[in-house]
file entry30.cif (mmCIF, C-alpha atoms)
data_start
#
loop_
_atom_site.group_PDB
_atom_site.id
_atom_site.type_symbol
_atom_site.label_atom_id
_atom_site.label_comp_id
_atom_site.auth_asym_id
_atom_site.auth_seq_id
_atom_site.Cartn_x
_atom_site.Cartn_y
_atom_site.Cartn_z
ATOM 1 C CA MET A 23 12.065 148.279 149.874
ATOM 2 C CA LYS A 24 13.880 145.072 149.021
ATOM 3 C CA ASP A 25 15.225 146.603 145.817
ATOM 4 C CA LEU A 26 16.414 149.608 147.807
ATOM 5 C CA ARG A 27 18.279 147.393 150.270
ATOM 6 C CA GLU A 28 19.835 145.489 147.353
ATOM 7 C CA SER A 29 20.910 148.738 145.729
ATOM 8 C CA ASN A 30 22.475 149.913 148.976
ATOM 9 C CA ARG A 31 24.451 146.690 149.223
ATOM 10 C CA LEU A 32 25.666 147.118 145.671
ATOM 11 C CA ILE A 33 26.714 150.692 146.374
ATOM 12 C CA LEU A 34 28.557 149.585 149.523
ATOM 13 C CA SER A 35 30.381 146.875 147.605
ATOM 14 C CA ALA A 36 31.343 149.329 144.884
ATOM 15 C CA CYS A 37 32.701 151.706 147.528
ATOM 16 C CA VAL A 38 34.849 148.932 148.984
ATOM 17 C CA VAL A 39 36.273 148.092 145.558
ATOM 18 C CA ALA A 40 36.965 151.785 144.915
ATOM 19 C CA ALA A 41 38.732 152.049 148.277
ATOM 20 C CA LEU A 42 40.906 149.051 147.449
ATOM 21 C CA LEU A 43 41.803 150.531 144.079
ATOM 22 C CA PHE A 44 42.663 153.809 145.801
ATOM 23 C CA LEU A 45 44.962 152.035 148.252
ATOM 24 C CA VAL A 46 46.730 150.192 145.437
ATOM 25 C CA SER A 47 47.253 153.390 143.424
ATOM 26 C CA ARG A 48 48.342 155.301 146.527
ATOM 27 C CA ASP A 49 50.982 152.691 147.362
ATOM 28 C CA ALA A 50 52.175 152.668 143.754
ATOM 29 C CA ILE A 51 52.636 156.432 143.778
ATOM 30 C CA ALA A 52 54.470 156.274 147.112
ATOM 31 C CA ASP A 53 56.844 153.621 145.771
ATOM 32 C CA SER A 54 57.527 155.701 142.665
ATOM 33 C CA LEU A 55 58.776 158.497 144.916
ATOM 34 C CA THR A 56 61.305 156.397 146.838
ATOM 35 C CA LEU A 57 64.830 157.664 146.173
ATOM 36 C CA PHE A 58 67.611 155.095 146.489
ATOM 37 C CA GLY A 59 71.356 155.637 146.680
ATOM 38 C CA GLY A 60 74.462 153.498 146.410
ATOM 39 C CA VAL A 61 77.422 154.421 148.616
ATOM 40 C CA GLY A 62 80.654 154.801 146.684
ATOM 41 C CA LYS A 63 82.846 155.760 149.610
ATOM 42 C CA GLY A 64 82.156 154.849 153.186
ATOM 43 C CA SER A 65 81.963 156.714 156.474
ATOM 44 C CA PRO A 66 81.940 155.841 160.179
ATOM 45 C CA VAL A 67 78.186 155.223 159.824
ATOM 46 C CA GLY A 68 77.968 153.314 156.565
ATOM 47 C CA ALA A 69 80.210 151.206 154.371
ATOM 48 C CA ALA A 70 81.128 151.561 150.718
ATOM 49 C CA GLY A 71 78.603 149.526 148.761
ATOM 50 C CA ASP A 72 75.671 150.124 151.109
ATOM 51 C CA VAL A 73 72.270 150.576 149.466
ATOM 52 C CA ILE A 74 70.205 153.296 151.151
ATOM 53 C CA THR A 75 66.927 155.158 150.831
ATOM 54 C CA ILE A 76 67.001 158.960 150.940
ATOM 55 C CA ASN A 77 64.486 161.392 152.388
ATOM 56 C CA GLN A 78 63.807 163.883 149.587
ATOM 57 C CA THR A 79 63.030 166.694 152.043
ATOM 58 C CA THR A 80 65.947 166.359 154.476
ATOM 59 C CA GLY A 81 68.451 164.202 152.590
ATOM 60 C CA ALA A 82 68.685 161.803 155.537
ATOM 61 C CA GLY A 83 69.713 158.294 154.559
ATOM 62 C CA THR A 84 68.534 154.920 155.867
ATOM 63 C CA ILE A 85 70.630 151.818 155.218
ATOM 64 C CA VAL A 86 68.704 149.080 153.386
ATOM 65 C CA GLY A 87 71.524 146.544 153.181
ATOM 66 C CA HIS A 88 74.764 145.565 151.492
ATOM 67 C CA PRO A 89 75.200 143.370 148.388
ATOM 68 C CA ASP A 90 77.715 140.654 149.349
ATOM 69 C CA ALA A 91 81.355 141.774 149.179
ATOM 70 C CA ILE A 92 80.742 144.876 147.045
ATOM 71 C CA THR A 93 83.281 147.529 148.045
ATOM 72 C CA GLY A 94 81.581 150.493 146.394
ATOM 73 C CA LEU A 95 78.780 151.326 143.954
ATOM 74 C CA THR A 96 79.374 153.692 141.030
ATOM 75 C CA GLY A 97 76.023 153.148 139.325
ATOM 76 C CA LEU A 98 72.469 152.381 140.440
ATOM 77 C CA ALA A 99 69.442 152.030 138.151
ATOM 78 C CA PHE A 100 65.943 150.535 138.295
ATOM 79 C CA ASP A 101 64.170 149.146 135.250
ATOM 80 C CA SER A 102 60.395 149.463 134.907
ATOM 81 C CA ALA A 103 59.814 146.051 136.525
ATOM 82 C CA GLY A 104 61.700 147.124 139.650
ATOM 83 C CA THR A 105 64.938 145.235 138.948
ATOM 84 C CA LEU A 106 67.789 147.164 140.567
ATOM 85 C CA TYR A 107 71.146 147.139 138.776
ATOM 86 C CA GLY A 108 74.394 148.279 140.344
ATOM 87 C CA SER A 109 77.903 148.768 138.986
ATOM 88 C CA THR A 110 81.190 148.540 140.843
ATOM 89 C CA ILE A 111 84.685 149.749 139.957
ATOM 90 C CA SER A 112 88.094 148.298 140.786
ATOM 91 C CA GLY A 113 89.907 151.429 141.968
ATOM 92 C CA SER A 114 90.622 155.141 141.644
ATOM 93 C CA LEU A 115 91.652 157.021 138.531
ATOM 94 C CA PRO A 116 95.403 157.291 137.794
ATOM 95 C CA PRO A 117 97.644 158.630 139.208
ATOM 96 C CA THR A 118 95.837 157.914 142.504
ATOM 97 C CA GLY A 119 95.208 154.326 141.447
ATOM 98 C CA PRO A 120 96.661 151.946 138.858
ATOM 99 C CA PRO A 121 95.516 152.172 135.235
ATOM 100 C CA GLY A 122 93.066 149.736 133.688
ATOM 101 C CA ARG A 123 90.081 150.005 136.008
ATOM 102 C CA THR A 124 87.308 147.458 135.489
ATOM 103 C CA SER A 125 83.679 147.120 136.595
ATOM 104 C CA THR A 126 81.120 144.457 137.402
ATOM 105 C CA LEU A 127 77.341 144.478 137.032
ATOM 106 C CA VAL A 128 75.220 143.205 139.917
ATOM 107 C CA ILE A 129 71.494 142.829 140.556
ATOM 108 C CA ILE A 130 70.350 143.959 143.998
ATOM 109 C CA ASN A 131 67.249 143.221 146.052
ATOM 110 C CA PRO A 132 65.910 146.725 146.864
ATOM 111 C CA ASN A 133 64.064 145.440 149.924
ATOM 112 C CA ASN A 134 67.143 144.242 151.822
ATOM 113 C CA GLY A 135 70.166 145.228 149.716
ATOM 114 C CA ALA A 136 71.203 141.615 149.091
ATOM 115 C CA GLN A 137 72.918 140.666 145.866
ATOM 116 C CA ILE A 138 70.862 138.455 143.535
ATOM 117 C CA GLY A 139 72.901 135.922 141.554
ATOM 118 C CA LEU A 140 76.476 136.345 140.398
ATOM 119 C CA ALA A 141 78.281 139.549 139.484
ATOM 120 C CA HIS A 142 79.164 139.864 135.782
ATOM 121 C CA ASN A 143 82.297 141.522 134.422
ATOM 122 C CA ILE A 144 81.359 144.431 132.155
ATOM 123 C CA THR A 145 83.107 144.052 128.815
ATOM 124 C CA ALA A 146 83.033 145.738 125.399
ATOM 125 C CA GLY A 147 84.261 143.598 122.514
ATOM 126 C CA GLY A 148 85.581 141.167 125.086
ATOM 127 C CA THR A 149 87.693 143.822 126.843
ATOM 128 C CA PRO A 150 86.867 144.765 130.455
ATOM 129 C CA ILE A 151 85.792 148.390 130.890
ATOM 130 C CA SER A 152 84.985 150.636 133.839
ATOM 131 C CA ILE A 153 81.517 152.114 134.390
ATOM 132 C CA THR A 154 80.985 155.259 136.460
ATOM 133 C CA ASP A 155 77.191 155.563 136.239
ATOM 134 C CA LEU A 156 74.060 153.700 135.123
ATOM 135 C CA ALA A 157 70.605 154.671 133.827
ATOM 136 C CA VAL A 158 67.668 152.779 132.296
ATOM 137 C CA GLN A 159 65.911 154.162 129.223
ATOM 138 C CA PRO A 160 62.123 154.502 129.686
ATOM 139 C CA GLY A 161 60.023 152.515 127.265
ATOM 140 C CA THR A 162 62.826 150.181 126.186
ATOM 141 C CA ASN A 163 64.228 149.100 129.585
ATOM 142 C CA ILE A 164 67.698 149.249 128.022
ATOM 143 C CA LEU A 165 70.489 149.756 130.567
ATOM 144 C CA PHE A 166 72.959 152.531 129.719
ATOM 145 C CA GLY A 167 76.335 153.185 131.297
ATOM 146 C CA THR A 168 79.088 155.749 130.986
ATOM 147 C CA SER A 169 82.805 155.017 130.990
ATOM 148 C CA LEU A 170 85.668 157.489 131.400
ATOM 149 C CA ASP A 171 88.748 157.003 129.194
ATOM 150 C CA GLU A 172 91.888 157.100 131.350
ATOM 151 C CA VAL A 173 93.980 158.679 128.573
ATOM 152 C CA THR A 174 91.719 161.296 126.982
ATOM 153 C CA PHE A 175 89.532 161.776 130.099
ATOM 154 C CA THR A 176 86.445 161.898 127.907
ATOM 155 C CA ASN A 177 83.505 159.623 128.553
ATOM 156 C CA SER A 178 81.676 157.244 126.254
ATOM 157 C CA ILE A 179 78.098 155.979 126.383
ATOM 158 C CA TYR A 180 77.380 152.231 126.290
ATOM 159 C CA THR A 181 74.343 150.019 126.391
ATOM 160 C CA ILE A 182 74.791 147.018 128.694
ATOM 161 C CA ASP A 183 72.898 143.735 128.723
ATOM 162 C CA PRO A 184 72.129 141.851 131.987
ATOM 163 C CA THR A 185 75.217 139.641 131.516
ATOM 164 C CA GLY A 186 77.549 142.659 131.377
ATOM 165 C CA VAL A 187 78.135 142.748 127.619
ATOM 166 C CA ALA A 188 78.435 146.407 126.590
ATOM 167 C CA LEU A 189 77.987 148.021 123.179
ATOM 168 C CA LEU A 190 79.511 151.418 122.403
ATOM 169 C CA GLU A 191 76.993 154.095 121.379
ATOM 170 C CA GLY A 192 79.430 157.002 121.118
ATOM 171 C CA ASN A 193 81.850 159.377 122.807
ATOM 172 C CA THR A 194 80.678 162.668 124.319
ATOM 173 C CA GLY A 195 83.991 164.501 123.946
ATOM 174 C CA VAL A 196 83.818 165.860 127.513
ATOM 175 C CA THR A 197 84.666 164.613 131.001
ATOM 176 C CA GLY A 198 81.234 163.310 131.925
ATOM 177 C CA ALA A 199 80.436 161.339 135.040
ATOM 178 C CA THR A 200 76.687 160.805 135.447
ATOM 179 C CA LEU A 201 73.635 159.655 133.494
ATOM 180 C CA GLY A 202 69.894 159.937 134.110
ATOM 181 C CA PHE A 203 66.806 159.550 131.940
ATOM 182 C CA ALA A 204 63.706 161.715 132.303
ATOM 183 C CA PRO A 205 60.303 160.018 131.854
ATOM 184 C CA ASP A 206 60.040 161.532 128.351
ATOM 185 C CA GLY A 207 63.310 159.848 127.320
ATOM 186 C CA THR A 208 65.585 162.896 127.655
ATOM 187 C CA LEU A 209 69.071 161.709 128.653
ATOM 188 C CA TYR A 210 70.871 164.007 131.086
ATOM 189 C CA MET A 211 74.576 163.986 131.919
ATOM 190 C CA THR A 212 76.851 166.191 134.019
ATOM 191 C CA SER A 213 80.452 166.973 133.173
ATOM 192 C CA ALA A 214 83.342 168.969 134.613
ATOM 193 C CA THR A 215 86.316 170.895 133.244
ATOM 194 C CA PHE A 216 89.807 171.066 134.766
ATOM 195 C CA ASP A 217 92.954 173.128 134.310
ATOM 196 C CA GLU A 218 96.447 171.773 133.660
ATOM 197 C CA THR A 219 97.027 171.250 137.392
ATOM 198 C CA GLY A 220 93.895 169.123 137.752
ATOM 199 C CA ALA A 221 91.914 171.799 139.585
ATOM 200 C CA GLN A 222 88.232 171.914 138.650
ATOM 201 C CA THR A 223 87.210 174.994 136.669
ATOM 202 C CA GLY A 224 83.583 174.359 135.731
ATOM 203 C CA ILE A 225 80.597 172.049 135.878
ATOM 204 C CA PHE A 226 77.847 171.543 133.296
ATOM 205 C CA LEU A 227 74.510 169.841 132.687
ATOM 206 C CA HIS A 228 73.982 168.326 129.238
ATOM 207 C CA THR A 229 71.319 166.519 127.277
ATOM 208 C CA LEU A 230 72.562 163.743 124.999
ATOM 209 C CA ASP A 231 71.476 161.730 121.995
ATOM 210 C CA PRO A 232 71.390 158.243 123.566
ATOM 211 C CA ASN A 233 72.061 156.603 120.185
ATOM 212 C CA THR A 234 75.313 158.453 119.484
ATOM 213 C CA GLY A 235 76.448 160.125 122.715
ATOM 214 C CA THR A 236 76.330 163.486 120.927
ATOM 215 C CA ILE A 237 75.743 166.475 123.216
ATOM 216 C CA LEU A 238 72.497 168.246 122.319
ATOM 217 C CA SER A 239 72.569 171.051 124.911
ATOM 218 C CA THR A 240 74.919 172.445 127.547
ATOM 219 C CA THR A 241 73.985 174.466 130.644
ATOM 220 C CA PRO A 242 76.457 175.758 133.265
ATOM 221 C CA VAL A 243 75.690 174.499 136.778
ATOM 222 C CA HIS A 244 75.633 176.966 139.666
ATOM 223 C CA GLY A 245 75.926 176.064 143.337
ATOM 224 C CA PRO A 246 74.053 177.759 146.188
ATOM 225 C CA ASN A 247 76.819 180.362 145.973
ATOM 226 C CA SER A 248 77.392 181.229 142.340
ATOM 227 C CA THR A 249 81.183 180.723 142.572
ATOM 228 C CA ASP A 250 81.017 177.244 144.152
ATOM 229 C CA LEU A 251 82.292 174.244 142.201
ATOM 230 C CA PHE A 252 80.946 170.756 142.851
ATOM 231 C CA HIS A 253 81.714 167.159 142.049
ATOM 232 C CA ILE A 254 78.514 165.356 141.038
ATOM 233 C CA GLY A 255 78.616 161.603 141.510
ATOM 234 C CA GLY A 256 75.079 160.472 140.681
ATOM 235 C CA LEU A 257 71.950 161.776 138.965
ATOM 236 C CA ALA A 258 68.281 160.752 138.869
ATOM 237 C CA VAL A 259 65.119 162.391 137.524
ATOM 238 C CA ARG A 260 62.013 162.328 139.728
ATOM 239 C CA PRO A 261 59.282 160.760 137.580
ATOM 240 C CA THR A 262 56.413 162.864 138.923
ATOM 241 C CA ASP A 263 57.760 166.322 138.101
ATOM 242 C CA GLY A 264 61.044 165.929 136.189
ATOM 243 C CA LEU A 265 63.163 167.492 138.957
ATOM 244 C CA LEU A 266 66.752 166.252 138.990
ATOM 245 C CA PHE A 267 68.297 164.899 142.197
ATOM 246 C CA VAL A 268 72.072 164.551 142.416
ATOM 247 C CA SER A 269 74.636 163.324 144.879
ATOM 248 C CA ALA A 270 77.278 166.025 145.084
ATOM 249 C CA ARG A 271 80.000 167.560 147.206
ATOM 250 C CA PRO A 272 82.077 170.738 146.999
ATOM 251 C CA ALA A 273 85.065 170.248 144.696
ATOM 252 C CA ASP A 274 87.512 170.942 147.539
ATOM 253 C CA VAL A 275 85.982 168.305 149.864
ATOM 254 C CA ALA A 276 87.288 164.721 149.664
ATOM 255 C CA THR A 277 84.090 162.922 150.662
ATOM 256 C CA GLU A 278 80.565 163.960 151.580
ATOM 257 C CA GLY A 279 77.111 162.392 151.587
ATOM 258 C CA ASP A 280 75.187 165.431 150.380
ATOM 259 C CA VAL A 281 72.096 165.423 148.163
ATOM 260 C CA TYR A 282 70.991 168.367 146.006
ATOM 261 C CA THR A 283 68.240 169.142 143.548
ATOM 262 C CA LEU A 284 69.286 170.405 140.123
ATOM 263 C CA THR A 285 67.023 172.341 137.792
ATOM 264 C CA ALA A 286 67.168 172.247 134.005
ATOM 265 C CA THR A 287 68.576 175.800 134.202
ATOM 266 C CA GLY A 288 71.565 174.544 136.199
ATOM 267 C CA GLN A 289 70.696 175.656 139.745
ATOM 268 C CA LEU A 290 71.882 173.382 142.562
ATOM 269 C CA THR A 291 69.919 173.543 145.829
ATOM 270 C CA PHE A 292 71.069 171.754 148.957
ATOM 271 C CA VAL A 293 68.648 169.141 150.324
ATOM 272 C CA GLY A 294 70.705 167.561 153.100
ATOM 273 C CA ASP A 295 73.382 165.107 154.163
ATOM 274 C CA THR A 296 72.611 161.386 154.091
ATOM 275 C CA GLY A 297 74.946 160.942 157.067
ATOM 276 C CA ILE A 298 76.079 157.626 155.607
ATOM 277 C CA GLY A 299 78.686 158.218 152.924
ATOM 278 C CA ASP A 300 79.619 159.615 149.521
ATOM 279 C CA LEU A 301 77.052 158.398 146.981
ATOM 280 C CA GLY A 302 78.161 156.868 143.702
ATOM 281 C CA ASP A 303 74.682 157.101 142.208
ATOM 282 C CA VAL A 304 70.987 157.650 142.952
ATOM 283 C CA ASP A 305 67.750 156.495 141.316
ATOM 284 C CA PHE A 306 63.996 156.402 141.905
ATOM 285 C CA ARG A 307 62.202 153.119 142.430
ATOM 286 C CA PRO A 308 59.426 152.704 139.833
ATOM 287 C CA ALA A 309 55.766 152.449 140.735
ATOM 288 C CA ALA A 310 54.877 149.098 142.251
ATOM 289 C CA VAL A 311 52.703 146.588 140.447
ATOM 290 C CA ALA A 312 49.890 145.337 142.651
ATOM 291 C CA GLU A 313 50.654 141.953 144.226
ATOM 292 C CA PRO A 314 48.691 138.868 143.088
ATOM 293 C CA ALA A 315 46.838 138.770 146.416
ATOM 294 C CA THR A 316 45.610 142.301 145.834
ATOM 295 C CA PHE A 317 44.388 141.456 142.368
ATOM 296 C CA ALA A 318 42.701 138.334 143.694
ATOM 297 C CA LEU A 319 40.864 140.419 146.269
ATOM 298 C CA LEU A 320 39.689 142.854 143.629
ATOM 299 C CA VAL A 321 38.527 140.002 141.416
ATOM 300 C CA THR A 322 36.621 138.510 144.374
ATOM 301 C CA TRP A 323 34.787 141.762 144.983
ATOM 302 C CA SER A 324 34.024 142.049 141.294
ATOM 303 C CA GLY A 325 32.544 138.557 141.466
ATOM 304 C CA ILE A 326 30.395 139.541 144.432
ATOM 305 C CA LEU A 327 29.077 142.543 142.536
ATOM 306 C CA GLY A 328 28.324 140.407 139.488
ATOM 307 C CA ALA A 329 26.540 137.756 141.548
ATOM 308 C CA ALA A 330 24.477 140.393 143.327
ATOM 309 C CA ARG A 331 23.379 141.886 140.030
ATOM 310 C CA TRP A 332 22.444 138.440 138.680
ATOM 311 C CA ARG A 333 20.488 137.621 141.837
ATOM 312 C CA ARG A 334 18.706 140.940 141.715
ATOM 313 C CA GLY A 335 17.681 140.336 138.110
ATOM 314 C CA ASN A 336 16.364 136.856 138.906
ATOM 315 C CA ASP A 337 14.403 138.091 141.921
ATOM 316 C CA ARG A 338 12.610 140.588 139.745
ATOM 317 C CA GLY A 339 11.390 137.792 137.491
ATOM 318 C CA ARG A 340 10.034 135.602 140.284
ATOM 319 C CA PRO A 341 6.417 135.686 141.445
ATOM 320 C CA ARG A 342 5.976 137.455 144.754
#
call {"tool": "encode", "arguments": {"input": "entry30.cif", "output": "structure tokens"}}
result
Amino acid sequence: MKDLRESNRLILSACVVAALLFLVSRDAIADSLTLFGGVGKGSPVGAAGDVITINQTTGAGTIVGHPDAITGLTGLAFDSAGTLYGSTISGSLPPTGPPGRTSTLVIINPNNGAQIGLAHNITAGGTPISITDLAVQPGTNILFGTSLDEVTFTNSIYTIDPTGVALLEGNTGVTGATLGFAPDGTLYMTSATFDETGAQTGIFLHTLDPNTGTILSTTPVHGPNSTDLFHIGGLAVRPTDGLLFVSARPADVATEGDVYTLTATGQLTFVGDTGIGDLGDVDFRPAAVAEPATFALLVTWSGILGAARWRRGNDRGRPR
């Protein structure tokens, strides 16, 4: 009978440990599904530079916070440790704004939107450059950015270190605006084409060689109505199923806070309006690592199980 009671206690303890492990894994999965956005242009509800979370079913946005005096975010990217990088830009493309746009790299606290440390000017070969989107490569944690040339209107791919020093990987040869890595390392980018008057004529989804910027595949993008044209400002790949989420607006609308899904075959599907502002970029927060207190609790329970087994073994050897 005593052995039975001891066994029951061991089973109960094991169940508690299993429950704790389940809770940790459940929270990690939930965190991996959190979609964040950085507001590029403001609205009466939110301000340019706000960091928000986005409901993936309705598109509704919730303001997390604002990193210092940032006046707009063009890029947003998490590394595997949960560090959130953001990029800013100094103005609009010519002729709307002056030539020579520049960008800074900031680190953002995803829990409250506060800026961590100083902003760093993004430079290549010592020359300031502008960055219109960010993405982190899985497995390497290398930060990538894309920059649009103000003369040729083609974009180039750079790697960027945490101090803002950028290294050119290559030019895509198209007018690209967004970047996003899939969990398997596939690098996606969207681009647009324009006529001589500046009117948009097409939109495309590409895969790229991250080492050279070379386009590997091109797929036309179709809106909910097949003739619709869209401006896509940010792109992220959901880690659980590879579905692309983009911030986008119709090409004839000046600003909008809409979120869409985008399939690998180029189909855009409307999710909803954030209600906060035009998004410069979006990204998914990686799975959380269990906090030290959680690990300590699990270790404690493991110790209890070990002690119980030791005690049970000793009891069996004692005279009764």
call {"tool": "atom_distance", "arguments": {"input": "entry30.cif", "atom1": "atom CA of Ala141 of chain A", "atom2": "atom CA of Thr126 of chain A"}}
result
6.0 Å
call {"tool": "resolve_selection", "arguments": {"input": "entry30.cif", "expression": "the PyMOL selection byres ((chain A and resi 139) around 9)", "output": "compact mmCIF listing (two decimals) with C-alpha atoms, in the coordinates of the input"}}
result
# COMPACT_ATOMS: atom_id res chain seq x y z
CA VAL A 128 75.22 143.21 139.92
CA ILE A 129 71.49 142.83 140.56
CA ILE A 130 70.35 143.96 144.00
CA GLN A 137 72.92 140.67 145.87
CA ILE A 138 70.86 138.46 143.54
CA LEU A 140 76.48 136.34 140.40
CA ALA A 141 78.28 139.55 139.48
call {"tool": "atom_distance", "arguments": {"input": "entry30.cif", "atom1": "atom CA of Thr236 of chain A", "atom2": "atom CA of Gly148 of chain A"}}
result
24.5 Å
call {"tool": "residues_near_point", "arguments": {"input": "entry30.cif", "point": "(68.8, 151.8, 133.4)", "cutoff": "7 Å", "atoms": "all atoms listed in the file", "output": "compact mmCIF listing (two decimals) with C-alpha atoms, keeping the file's coordinate frame"}}
result
# COMPACT_ATOMS: atom_id res chain seq x y z
CA ALA A 99 69.44 152.03 138.15
CA PHE A 100 65.94 150.54 138.29
CA ASP A 101 64.17 149.15 135.25
CA LEU A 156 74.06 153.70 135.12
CA ALA A 157 70.60 154.67 133.83
CA VAL A 158 67.67 152.78 132.30
CA GLN A 159 65.91 154.16 129.22
CA ASN A 163 64.23 149.10 129.58
CA ILE A 164 67.70 149.25 128.02
CA LEU A 165 70.49 149.76 130.57
CA PHE A 166 72.96 152.53 129.72
call {"tool": "axis_aligned_box", "arguments": {"input": "entry30.cif", "around": "segment 280-283 of chain A", "padding_each_side": "5 Å", "output": "JSON"}}
result
{"center_x": 71.7, "center_y": 167.3, "center_z": 147.0, "size_x": 16.9, "size_y": 13.7, "size_z": 16.8}
call {"tool": "resolve_selection", "arguments": {"input": "entry30.cif", "expression": "the PyMOL selection byres ((chain A and resi 169-181) around 9)", "output": "VMD selection string"}}
result
chain A and resid 115 to 116 121 to 123 146 151 to 155 164 to 168 182 to 183 187 to 199 232 to 235
call {"tool": "closest_residue", "arguments": {"input": "entry30.cif", "among": "A:Leu290, A:Met211, A:Val61, A:Val304", "to": "Glu278 of chain A", "atoms": "all atoms listed in the file"}}
result
A:Val61
call {"tool": "atom_distance", "arguments": {"input": "entry30.cif", "atom1": "atom CA of Lys63 of chain A", "atom2": "atom CA of Ala258 of chain A"}}
result
18.8 Å
call {"tool": "closest_residue", "arguments": {"input": "entry30.cif", "among": "A:Thr283, A:Thr200, A:Thr262, A:Thr219", "to": "Thr96 of chain A", "atoms": "all atoms listed in the file"}}
result
A:Thr200
call {"tool": "closest_residue", "arguments": {"input": "entry30.cif", "among": "A:Pro150, A:Pro261, A:Pro272, A:Gly245", "to": "Gln222 of chain A", "atoms": "all atoms listed in the file"}}
result
A:Pro272
call {"tool": "resolve_selection", "arguments": {"input": "entry30.cif", "expression": "the PyMOL selection byres ((chain A and resi 209) around 9)", "output": "list in words"}}
result
Ala157, Gln159, Leu201, Gly202, Phe203, Ala204, Gly207, Thr208, Tyr210, Met211, His228, Thr229, Leu230, Asp231 and Pro232 of chain A
call {"tool": "residues_near_point", "arguments": {"input": "entry30.cif", "point": "(79.5, 163.8, 140.3)", "cutoff": "12 Å", "atoms": "all atoms listed in the file", "output": "ChimeraX atom specification"}}
result
/A:62,96-97,154-155,197-201,211-214,225-227,243,251-258,267-273,277-282,300-304
call {"tool": "closest_residue", "arguments": {"input": "entry30.cif", "among": "A:Asn131, A:Gln289, A:Arg260, A:His142", "to": "Leu57 of chain A", "atoms": "only C-alpha atoms"}}
result
A:Arg260
call {"tool": "residues_around", "arguments": {"input": "entry30.cif", "residues": "Thr80 of chain A", "least_positions_apart": "6", "cutoff": "9 Å", "atoms": "all atoms listed in the file", "output": "list in words"}}
result
Val281, Val293, Gly294, Asp295 and Thr296 of chain A
